[in-house]
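Source file: upload.pdb; contents: PDB, N, CA and C atoms and all ligand atoms.
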```pdb
ATOM      1  N   MET A   8      -2.504  -3.722  13.941
ATOM      2  CA  MET A   8      -3.105  -2.590  13.204
ATOM      3  C   MET A   8      -4.621  -2.688  13.282
ATOM      4  N   ARG A   9      -5.244  -1.602  13.592
ATOM      5  CA  ARG A   9      -6.703  -1.653  13.718
ATOM      6  C   ARG A   9      -7.319  -1.752  12.327
ATOM      7  N   ASP A  10      -8.401  -2.488  12.249
ATOM      8  CA  ASP A  10      -9.052  -2.709  10.966
ATOM      9  C   ASP A  10     -10.113  -1.633  10.745
ATOM     10  N   LEU A  11     -10.324  -1.312   9.479
ATOM     11  CA  LEU A  11     -11.341  -0.318   9.154
ATOM     12  C   LEU A  11     -12.716  -0.971   9.118
ATOM     13  N   THR A  12     -13.725  -0.220   9.472
ATOM     14  CA  THR A  12     -15.085  -0.695   9.276
ATOM     15  C   THR A  12     -15.460  -0.432   7.826
ATOM     16  N   CYS A  13     -16.522  -1.088   7.359
ATOM     17  CA  CYS A  13     -16.956  -0.893   5.978
ATOM     18  C   CYS A  13     -17.302   0.574   5.726
ATOM     19  N   LYS A  14     -17.810   1.224   6.750
ATOM     20  CA  LYS A  14     -18.192   2.621   6.584
ATOM     21  C   LYS A  14     -16.967   3.512   6.407
ATOM     22  N   GLN A  15     -15.935   3.246   7.181
ATOM     23  CA  GLN A  15     -14.689   4.005   7.033
ATOM     24  C   GLN A  15     -14.067   3.723   5.674
ATOM     25  N   GLU A  16     -14.149   2.452   5.275
ATOM     26  CA  GLU A  16     -13.577   2.026   3.993
ATOM     27  C   GLU A  16     -14.236   2.781   2.839
ATOM     28  N   GLU A  17     -15.569   2.856   2.904
ATOM     29  CA  GLU A  17     -16.322   3.533   1.840
ATOM     30  C   GLU A  17     -15.853   4.969   1.628
ATOM     31  N   LYS A  18     -15.540   5.637   2.732
ATOM     32  CA  LYS A  18     -15.122   7.041   2.639
ATOM     33  C   LYS A  18     -13.794   7.168   1.906
ATOM     34  N   LEU A  19     -13.062   6.053   1.831
ATOM     35  CA  LEU A  19     -11.733   6.105   1.215
ATOM     36  C   LEU A  19     -11.753   5.708  -0.265
ATOM     37  N   PHE A  20     -12.921   5.294  -0.763
ATOM     38  CA  PHE A  20     -12.994   4.870  -2.167
ATOM     39  C   PHE A  20     -12.456   5.950  -3.101
ATOM     40  N   LEU A  21     -13.017   7.142  -2.972
ATOM     41  CA  LEU A  21     -12.617   8.220  -3.891
ATOM     42  C   LEU A  21     -11.156   8.634  -3.719
ATOM     43  N   PRO A  22     -10.714   8.846  -2.475
ATOM     44  CA  PRO A  22      -9.283   9.160  -2.303
ATOM     45  C   PRO A  22      -8.381   8.079  -2.895
ATOM     46  N   PHE A  23      -8.796   6.795  -2.783
ATOM     47  CA  PHE A  23      -7.987   5.720  -3.354
ATOM     48  C   PHE A  23      -7.947   5.828  -4.874
ATOM     49  N   ILE A  24      -9.122   6.027  -5.465
ATOM     50  CA  ILE A  24      -9.205   6.120  -6.931
ATOM     51  C   ILE A  24      -8.388   7.308  -7.423
ATOM     52  N   ARG A  25      -8.426   8.385  -6.682
ATOM     53  CA  ARG A  25      -7.668   9.584  -7.081
ATOM     54  C   ARG A  25      -6.211   9.511  -6.624
ATOM     55  N   ASP A  26      -5.884   8.445  -5.902
ATOM     56  CA  ASP A  26      -4.527   8.223  -5.425
ATOM     57  C   ASP A  26      -4.038   9.358  -4.516
ATOM     58  N   THR A  27      -4.863   9.697  -3.538
ATOM     59  CA  THR A  27      -4.457  10.746  -2.606
ATOM     60  C   THR A  27      -4.295  10.193  -1.182
ATOM     61  N   LEU A  28      -4.305   8.859  -1.049
ATOM     62  CA  LEU A  28      -4.149   8.281   0.288
ATOM     63  C   LEU A  28      -2.678   8.219   0.676
ATOM     64  N   ASP A  29      -2.393   8.424   1.960
ATOM     65  CA  ASP A  29      -1.022   8.194   2.406
ATOM     66  C   ASP A  29      -0.821   6.683   2.557
ATOM     67  N   ASN A  30       0.424   6.250   2.636
ATOM     68  CA  ASN A  30       0.729   4.818   2.609
ATOM     69  C   ASN A  30       0.098   4.039   3.748
ATOM     70  N   ARG A  31       0.068   4.656   4.932
ATOM     71  CA  ARG A  31      -0.522   3.993   6.093
ATOM     72  C   ARG A  31      -1.993   3.686   5.857
ATOM     73  N   THR A  32      -2.716   4.718   5.399
ATOM     74  CA  THR A  32      -4.140   4.550   5.157
ATOM     75  C   THR A  32      -4.378   3.576   4.012
ATOM     76  N   LYS A  33      -3.519   3.687   2.983
ATOM     77  CA  LYS A  33      -3.652   2.809   1.825
ATOM     78  C   LYS A  33      -3.499   1.351   2.249
ATOM     79  N   ARG A  34      -2.559   1.116   3.162
ATOM     80  CA  ARG A  34      -2.343  -0.242   3.645
ATOM     81  C   ARG A  34      -3.594  -0.776   4.351
ATOM     82  N   GLN A  35      -4.169   0.062   5.212
ATOM     83  CA  GLN A  35      -5.386  -0.346   5.914
ATOM     84  C   GLN A  35      -6.516  -0.584   4.921
ATOM     85  N   PHE A  36      -6.577   0.303   3.930
ATOM     86  CA  PHE A  36      -7.599   0.209   2.904
ATOM     87  C   PHE A  36      -7.488  -1.121   2.164
ATOM     88  N   LEU A  37      -6.288  -1.474   1.728
ATOM     89  CA  LEU A  37      -6.070  -2.715   0.979
ATOM     90  C   LEU A  37      -6.298  -3.939   1.866
ATOM     91  N   ASN A  38      -5.912  -3.836   3.137
ATOM     92  CA  ASN A  38      -6.154  -4.945   4.064
ATOM     93  C   ASN A  38      -7.635  -5.247   4.177
ATOM     94  N   HIS A  39      -8.412  -4.188   4.252
ATOM     95  CA  HIS A  39      -9.860  -4.390   4.365
ATOM     96  C   HIS A  39     -10.396  -5.081   3.112
ATOM     97  N   LEU A  40      -9.889  -4.671   1.953
ATOM     98  CA  LEU A  40     -10.350  -5.271   0.696
ATOM     99  C   LEU A  40     -10.032  -6.764   0.637
ATOM    100  N   ASP A  41      -8.964  -7.166   1.331
ATOM    101  CA  ASP A  41      -8.556  -8.572   1.328
ATOM    102  C   ASP A  41      -9.655  -9.491   1.834
ATOM    103  N   HIS A  42     -10.390  -9.016   2.815
ATOM    104  CA  HIS A  42     -11.365  -9.911   3.430
ATOM    105  C   HIS A  42     -12.789  -9.386   3.337
ATOM    106  N   CYS A  43     -13.012  -8.362   2.540
ATOM    107  CA  CYS A  43     -14.378  -7.845   2.416
ATOM    108  C   CYS A  43     -14.770  -7.731   0.937
ATOM    109  N   ASP A  44     -15.459  -8.757   0.467
ATOM    110  CA  ASP A  44     -15.868  -8.776  -0.942
ATOM    111  C   ASP A  44     -16.880  -7.679  -1.237
ATOM    112  N   GLN A  45     -17.656  -7.337  -0.238
ATOM    113  CA  GLN A  45     -18.690  -6.333  -0.433
ATOM    114  C   GLN A  45     -18.064  -4.975  -0.777
ATOM    115  N   CYS A  46     -17.031  -4.608  -0.050
ATOM    116  CA  CYS A  46     -16.368  -3.335  -0.322
ATOM    117  C   CYS A  46     -15.643  -3.374  -1.667
ATOM    118  N   LEU A  47     -15.053  -4.531  -1.988
ATOM    119  CA  LEU A  47     -14.367  -4.677  -3.269
ATOM    120  C   LEU A  47     -15.365  -4.461  -4.405
ATOM    121  N   GLU A  48     -16.535  -5.041  -4.213
ATOM    122  CA  GLU A  48     -17.613  -4.903  -5.199
ATOM    123  C   GLU A  48     -18.022  -3.436  -5.341
ATOM    124  N   GLU A  49     -18.199  -2.776  -4.201
ATOM    125  CA  GLU A  49     -18.627  -1.379  -4.247
ATOM    126  C   GLU A  49     -17.533  -0.467  -4.791
ATOM    127  N   LEU A  50     -16.303  -0.817  -4.478
ATOM    128  CA  LEU A  50     -15.183  -0.045  -5.019
ATOM    129  C   LEU A  50     -15.157  -0.171  -6.542
ATOM    130  N   SER A  51     -15.420  -1.388  -7.052
ATOM    131  CA  SER A  51     -15.452  -1.598  -8.499
ATOM    132  C   SER A  51     -16.471  -0.676  -9.146
ATOM    133  N   ILE A  52     -17.636  -0.613  -8.518
ATOM    134  CA  ILE A  52     -18.701   0.224  -9.067
ATOM    135  C   ILE A  52     -18.289   1.694  -9.065
ATOM    136  N   GLN A  53     -17.762   2.115  -7.908
ATOM    137  CA  GLN A  53     -17.313   3.503  -7.781
ATOM    138  C   GLN A  53     -16.224   3.827  -8.801
ATOM    139  N   PHE A  54     -15.326   2.866  -8.980
ATOM    140  CA  PHE A  54     -14.229   3.026  -9.928
ATOM    141  C   PHE A  54     -14.787   3.143 -11.350
ATOM    142  N   LEU A  55     -15.729   2.252 -11.671
ATOM    143  CA  LEU A  55     -16.354   2.278 -12.994
ATOM    144  C   LEU A  55     -17.006   3.627 -13.249
ATOM    145  N   VAL A  56     -17.734   4.094 -12.244
ATOM    146  CA  VAL A  56     -18.458   5.351 -12.412
ATOM    147  C   VAL A  56     -17.488   6.520 -12.564
ATOM    148  N   THR A  57     -16.518   6.587 -11.647
ATOM    149  CA  THR A  57     -15.603   7.733 -11.634
ATOM    150  C   THR A  57     -14.709   7.765 -12.864
ATOM    151  N   ILE A  58     -13.992   6.659 -13.084
ATOM    152  CA  ILE A  58     -13.058   6.624 -14.211
ATOM    153  C   ILE A  58     -13.814   6.488 -15.531
ATOM    154  N   GLY A  59     -14.898   5.688 -15.488
ATOM    155  CA  GLY A  59     -15.694   5.471 -16.699
ATOM    156  C   GLY A  59     -16.220   6.761 -17.289
ATOM    157  N   MET A  60     -16.688   7.657 -16.436
ATOM    158  CA  MET A  60     -17.209   8.937 -16.914
ATOM    159  C   MET A  60     -16.110   9.732 -17.606
ATOM    160  N   GLN A  61     -14.939   9.734 -16.974
ATOM    161  CA  GLN A  61     -13.810  10.454 -17.587
ATOM    162  C   GLN A  61     -13.490   9.892 -18.961
ATOM    163  N   ARG A  62     -13.473   8.538 -19.044
ATOM    164  CA  ARG A  62     -13.095   7.889 -20.289
ATOM    165  C   ARG A  62     -14.127   8.142 -21.377
ATOM    166  N   LEU A  63     -15.390   8.108 -20.975
ATOM    167  CA  LEU A  63     -16.442   8.348 -21.960
ATOM    168  C   LEU A  63     -16.276   9.734 -22.579
ATOM    169  N   GLU A  64     -15.895  10.674 -21.696
ATOM    170  CA  GLU A  64     -15.700  12.039 -22.198
ATOM    171  C   GLU A  64     -14.515  12.098 -23.145
ATOM    172  N   ASN A  65     -13.487  11.303 -22.827
ATOM    173  CA  ASN A  65     -12.300  11.297 -23.690
ATOM    174  C   ASN A  65     -12.456  10.384 -24.898
ATOM    175  N   GLY A  66     -13.472   9.488 -24.842
ATOM    176  CA  GLY A  66     -13.690   8.561 -25.937
ATOM    177  C   GLY A  66     -12.680   7.429 -25.989
ATOM    178  N   ASP A  67     -12.009   7.140 -24.848
ATOM    179  CA  ASP A  67     -11.043   6.045 -24.831
ATOM    180  C   ASP A  67     -11.741   4.691 -24.692
ATOM    181  N   ALA A  68     -11.126   3.664 -25.244
ATOM    182  CA  ALA A  68     -11.598   2.304 -25.003
ATOM    183  C   ALA A  68     -11.077   1.879 -23.638
ATOM    184  N   PHE A  69     -11.822   1.035 -22.942
ATOM    185  CA  PHE A  69     -11.324   0.650 -21.624
ATOM    186  C   PHE A  69     -11.849  -0.682 -21.132
ATOM    187  N   ASP A  70     -11.071  -1.294 -20.275
ATOM    188  CA  ASP A  70     -11.461  -2.477 -19.532
ATOM    189  C   ASP A  70     -11.234  -2.138 -18.065
ATOM    190  N   LEU A  71     -12.239  -1.524 -17.461
ATOM    191  CA  LEU A  71     -12.039  -0.936 -16.143
ATOM    192  C   LEU A  71     -11.847  -1.954 -15.031
ATOM    193  N   ASN A  72     -12.518  -3.092 -15.166
ATOM    194  CA  ASN A  72     -12.340  -4.091 -14.103
ATOM    195  C   ASN A  72     -10.903  -4.563 -14.055
ATOM    196  N   ARG A  73     -10.336  -4.775 -15.260
ATOM    197  CA  ARG A  73      -8.949  -5.191 -15.291
ATOM    198  C   ARG A  73      -8.064  -4.069 -14.769
ATOM    199  N   GLU A  74      -8.436  -2.851 -15.116
ATOM    200  CA  GLU A  74      -7.648  -1.700 -14.687
ATOM    201  C   GLU A  74      -7.631  -1.581 -13.163
ATOM    202  N   LEU A  75      -8.794  -1.790 -12.553
ATOM    203  CA  LEU A  75      -8.869  -1.699 -11.094
ATOM    204  C   LEU A  75      -8.028  -2.795 -10.449
ATOM    205  N   ARG A  76      -8.141  -4.017 -10.993
ATOM    206  CA  ARG A  76      -7.331  -5.118 -10.438
ATOM    207  C   ARG A  76      -5.849  -4.800 -10.582
ATOM    208  N   GLY A  77      -5.496  -4.241 -11.715
ATOM    209  CA  GLY A  77      -4.102  -3.861 -11.947
ATOM    210  C   GLY A  77      -3.663  -2.806 -10.955
ATOM    211  N   ARG A  78      -4.571  -1.875 -10.728
ATOM    212  CA  ARG A  78      -4.284  -0.773  -9.806
ATOM    213  C   ARG A  78      -4.049  -1.282  -8.391
ATOM    214  N   ILE A  79      -4.922  -2.201  -7.945
ATOM    215  CA  ILE A  79      -4.785  -2.763  -6.604
ATOM    216  C   ILE A  79      -3.476  -3.531  -6.505
ATOM    217  N   ALA A  80      -3.151  -4.305  -7.548
ATOM    218  CA  ALA A  80      -1.903  -5.077  -7.544
ATOM    219  C   ALA A  80      -0.705  -4.144  -7.471
ATOM    220  N   THR A  81      -0.752  -3.050  -8.228
ATOM    221  CA  THR A  81       0.359  -2.091  -8.233
ATOM    222  C   THR A  81       0.559  -1.482  -6.855
ATOM    223  N   GLU A  82      -0.539  -1.081  -6.226
ATOM    224  CA  GLU A  82      -0.442  -0.458  -4.907
ATOM    225  C   GLU A  82       0.144  -1.444  -3.901
ATOM    226  N   ARG A  83      -0.287  -2.701  -3.996
ATOM    227  CA  ARG A  83       0.252  -3.729  -3.103
ATOM    228  C   ARG A  83       1.753  -3.869  -3.311
ATOM    229  N   ARG A  84       2.168  -3.888  -4.596
ATOM    230  CA  ARG A  84       3.599  -4.016  -4.891
ATOM    231  C   ARG A  84       4.369  -2.860  -4.287
ATOM    232  N   HIS A  85       3.826  -1.659  -4.421
ATOM    233  CA  HIS A  85       4.490  -0.480  -3.871
ATOM    234  C   HIS A  85       4.696  -0.623  -2.367
ATOM    235  N   LEU A  86       3.620  -1.053  -1.685
ATOM    236  CA  LEU A  86       3.714  -1.187  -0.236
ATOM    237  C   LEU A  86       4.698  -2.287   0.130
ATOM    238  N   HIS A  87       4.710  -3.344  -0.703
ATOM    239  CA  HIS A  87       5.626  -4.449  -0.444
ATOM    240  C   HIS A  87       7.074  -3.981  -0.576
ATOM    241  N   ILE A  88       7.342  -3.213  -1.620
ATOM    242  CA  ILE A  88       8.683  -2.660  -1.839
ATOM    243  C   ILE A  88       9.071  -1.780  -0.658
ATOM    244  N   LEU A  89       8.097  -0.975  -0.224
ATOM    245  CA  LEU A  89       8.329  -0.092   0.916
ATOM    246  C   LEU A  89       8.711  -0.910   2.146
ATOM    247  N   ASP A  90       7.972  -2.016   2.365
ATOM    248  CA  ASP A  90       8.270  -2.896   3.497
ATOM    249  C   ASP A  90       9.682  -3.454   3.391
ATOM    250  N   SER A  91      10.039  -3.901   2.179
ATOM    251  CA  SER A  91      11.366  -4.475   1.979
ATOM    252  C   SER A  91      12.434  -3.437   2.279
ATOM    253  N   LEU A  92      12.212  -2.223   1.812
ATOM    254  CA  LEU A  92      13.175  -1.154   2.042
ATOM    255  C   LEU A  92      13.338  -0.892   3.526
ATOM    256  N   GLN A  93      12.212  -0.856   4.232
ATOM    257  CA  GLN A  93      12.276  -0.615   5.666
ATOM    258  C   GLN A  93      12.986  -1.761   6.357
ATOM    259  N   GLY A  94      12.742  -2.997   5.864
ATOM    260  CA  GLY A  94      13.419  -4.162   6.410
ATOM    261  C   GLY A  94      14.912  -4.058   6.181
ATOM    262  N   ALA A  95      15.290  -3.641   4.977
ATOM    263  CA  ALA A  95      16.705  -3.509   4.631
ATOM    264  C   ALA A  95      17.362  -2.444   5.501
ATOM    265  N   LEU A  96      16.634  -1.368   5.710
ATOM    266  CA  LEU A  96      17.136  -0.273   6.528
ATOM    267  C   LEU A  96      17.384  -0.759   7.948
ATOM    268  N   PHE A  97      16.433  -1.521   8.452
ATOM    269  CA  PHE A  97      16.539  -2.078   9.797
ATOM    270  C   PHE A  97      17.750  -2.997   9.894
ATOM    271  N   ALA A  98      17.928  -3.848   8.863
ATOM    272  CA  ALA A  98      19.053  -4.773   8.836
ATOM    273  C   ALA A  98      20.361  -3.988   8.847
ATOM    274  N   ALA A  99      20.408  -2.927   8.055
ATOM    275  CA  ALA A  99      21.615  -2.112   7.978
ATOM    276  C   ALA A  99      21.932  -1.508   9.344
ATOM    277  N   GLN A 100      20.912  -1.038  10.034
ATOM    278  CA  GLN A 100      21.112  -0.461  11.360
ATOM    279  C   GLN A 100      21.597  -1.516  12.338
ATOM    280  N   ALA A 101      21.020  -2.717  12.229
ATOM    281  CA  ALA A 101      21.401  -3.807  13.118
ATOM    282  C   ALA A 101      22.867  -4.171  12.895
ATOM    283  N   ILE A 102      23.269  -4.232  11.617
ATOM    284  CA  ILE A 102      24.662  -4.576  11.289
ATOM    285  C   ILE A 102      25.603  -3.494  11.806
ATOM    286  N   THR A 103      25.211  -2.246  11.632
ATOM    287  CA  THR A 103      26.028  -1.138  12.124
ATOM    288  C   THR A 103      26.230  -1.251  13.635
ATOM    289  N   LEU A 104      25.139  -1.557  14.321
ATOM    290  CA  LEU A 104      25.189  -1.700  15.772
ATOM    291  C   LEU A 104      26.119  -2.843  16.166
ATOM    292  N   LEU A 105      25.961  -3.968  15.442
ATOM    293  CA  LEU A 105      26.767  -5.152  15.704
ATOM    294  C   LEU A 105      28.248  -4.832  15.503
ATOM    295  N   LEU A 106      28.552  -4.134  14.411
ATOM    296  CA  LEU A 106      29.931  -3.767  14.107
ATOM    297  C   LEU A 106      30.491  -2.864  15.203
ATOM    298  N   SER A 107      29.683  -1.933  15.668
ATOM    299  CA  SER A 107      30.128  -1.027  16.728
ATOM    300  C   SER A 107      30.506  -1.813  17.971
ATOM    301  N   VAL A 108      29.638  -2.762  18.320
ATOM    302  CA  VAL A 108      29.895  -3.589  19.508
ATOM    303  C   VAL A 108      31.179  -4.388  19.313
ATOM    304  N   LEU A 109      31.323  -4.950  18.113
ATOM    305  CA  LEU A 109      32.497  -5.757  17.779
ATOM    306  C   LEU A 109      33.766  -4.926  17.899
ATOM    307  N   ILE A 110      33.743  -3.745  17.295
ATOM    308  CA  ILE A 110      34.898  -2.853  17.328
ATOM    309  C   ILE A 110      35.213  -2.466  18.768
ATOM    310  N   PHE A 111      34.147  -2.183  19.517
ATOM    311  CA  PHE A 111      34.306  -1.835  20.918
ATOM    312  C   PHE A 111      35.012  -2.965  21.675
ATOM    313  N   LEU A 112      34.531  -4.205  21.435
ATOM    314  CA  LEU A 112      35.102  -5.375  22.094
ATOM    315  C   LEU A 112      36.566  -5.553  21.725
ATOM    316  N   ILE A 113      36.856  -5.412  20.410
ATOM    317  CA  ILE A 113      38.234  -5.566  19.939
ATOM    318  C   ILE A 113      39.137  -4.545  20.622
ATOM    319  N   VAL A 114      38.640  -3.310  20.680
ATOM    320  CA  VAL A 114      39.419  -2.244  21.311
ATOM    321  C   VAL A 114      39.650  -2.555  22.791
ATOM    322  N   VAL A 115      38.585  -2.996  23.460
ATOM    323  CA  VAL A 115      38.676  -3.292  24.890
ATOM    324  C   VAL A 115      39.641  -4.453  25.140
ATOM    325  N   VAL A 116      39.522  -5.493  24.316
ATOM    326  CA  VAL A 116      40.344  -6.687  24.503
ATOM    327  C   VAL A 116      41.818  -6.381  24.220
ATOM    328  N   SER A 117      42.081  -5.530  23.229
ATOM    329  CA  SER A 117      43.455  -5.298  22.828
ATOM    330  C   SER A 117      44.221  -4.363  23.779
ATOM    331  N   PHE A 118      43.499  -3.788  24.743
ATOM    332  CA  PHE A 118      44.225  -2.926  25.685
ATOM    333  C   PHE A 118      44.495  -3.591  27.020
TER
HETATM  334 ZN    ZN B   1     -16.111  -3.792   3.961
END
```

Now, as a test, write the supplied structure out as structure tokens.
Amino acid sequence: MRDLTCKQEEKLFLPFIRDTLDNRTKRQFLNHLDHCDQCLEELSIQFLVTIGMQRLENGDAFDLNRELRGRIATERRHLHILDSLQGALFAAQAITLLLSVLIFLIVVVSF
């Protein structure tokens, strides 16, 4: 998978915060955050500004840094679940194929 540059990553800050990224892009986005502290730092700031302004208007109490970490963890979990599902789907297809071959062999052998 090709890695995003910091500049490409920056453009995705707002879509990520607003949760409008598709899963593929989100995965690339999170991968970049794994090894780029600078973008993580800038995302925190962007998150604070974007969500913080909304909260100030609503008068809610908040711990935005924790919220962002929670958000990143949640997105990772979602992608992980998605991966597991795709893995399970693949396994199911493999088993189906195996069974077909087996049945074919049994039929061939029994005649
Ligand atoms: Zn970066």

Within 10 Å of A:Leu55, counting only C-alpha atoms, which residues qualify if same-chain residues fewer than 6 places away don't, as a short mmCIF file (atom, residue, chain, number, x, y, z; two decimals) with N, CA and C atoms, in the frame of the given file?
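Writing done, so here's selection-v5.cif:
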```cif
data_model
loop_
_atom_site.label_atom_id
_atom_site.label_comp_id
_atom_site.auth_asym_id
_atom_site.auth_seq_id
_atom_site.Cartn_x
_atom_site.Cartn_y
_atom_site.Cartn_z
N GLU A 49 -18.20 -2.78 -4.20
CA GLU A 49 -18.63 -1.38 -4.25
C GLU A 49 -17.53 -0.47 -4.79
N GLN A 61 -14.94 9.73 -16.97
CA GLN A 61 -13.81 10.45 -17.59
C GLN A 61 -13.49 9.89 -18.96
N ARG A 62 -13.47 8.54 -19.04
CA ARG A 62 -13.10 7.89 -20.29
C ARG A 62 -14.13 8.14 -21.38
N ASP A 70 -11.07 -1.29 -20.27
CA ASP A 70 -11.46 -2.48 -19.53
C ASP A 70 -11.23 -2.14 -18.07
N LEU A 71 -12.24 -1.52 -17.46
CA LEU A 71 -12.04 -0.94 -16.14
C LEU A 71 -11.85 -1.95 -15.03
N ASN A 72 -12.52 -3.09 -15.17
CA ASN A 72 -12.34 -4.09 -14.10
C ASN A 72 -10.90 -4.56 -14.06
N GLU A 74 -8.44 -2.85 -15.12
CA GLU A 74 -7.65 -1.70 -14.69
C GLU A 74 -7.63 -1.58 -13.16
N LEU A 75 -8.79 -1.79 -12.55
CA LEU A 75 -8.87 -1.70 -11.09
C LEU A 75 -8.03 -2.80 -10.45
#
```

- Task: Name the residues, by chain letter and number, that sit within 12 Å of ligand ZN 1 (chain B) using only C-alpha atoms and all ligand atoms, and give them as an NGL selection string.
- Result: :A and (10-20 or 35-50)

- From a DSSP pass on the backbone, collect the residues of chain A flagged as alpha helix (DSSP H) and hand them back as a VMD selection string. chain A and resid 13 to 18 20 to 24 30 to 42 44 to 65 71 to 117

- What gap, in Å, lies between atom CA of A:Leu28 and atom CA of A:Leu86?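 Value for the atom CA of A:Leu28-atom CA of A:Leu86 distance: 12.3 Å.
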
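For the pair atom C of A:Asp26 and atom CA of A:Ala95, the interatomic distance is 26.1 Å.
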
- Task: Fewer than 6 positions away in the same chain doesn't count, so skip those; otherwise give me all residues within 10 Å of A:His87, counting only C-alpha atoms, as JSON, numbers by chain.
- Result: {"A": [34, 81, 93]}

- Task: For atom C of A:Leu105 and atom CA of A:Leu92, quote the distance in Å rounded to one decimal.
- Result: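 Going from atom C of A:Leu105 over to atom CA of A:Leu92, I get 20.5 Å.
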
- Item | For A:Thr57, the nearest of the candidates A:Lys33, A:Arg25, A:Arg84, A:Arg76, counting only C-alpha atoms |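 Under the stated criterion, the closest residue is A:Arg25.
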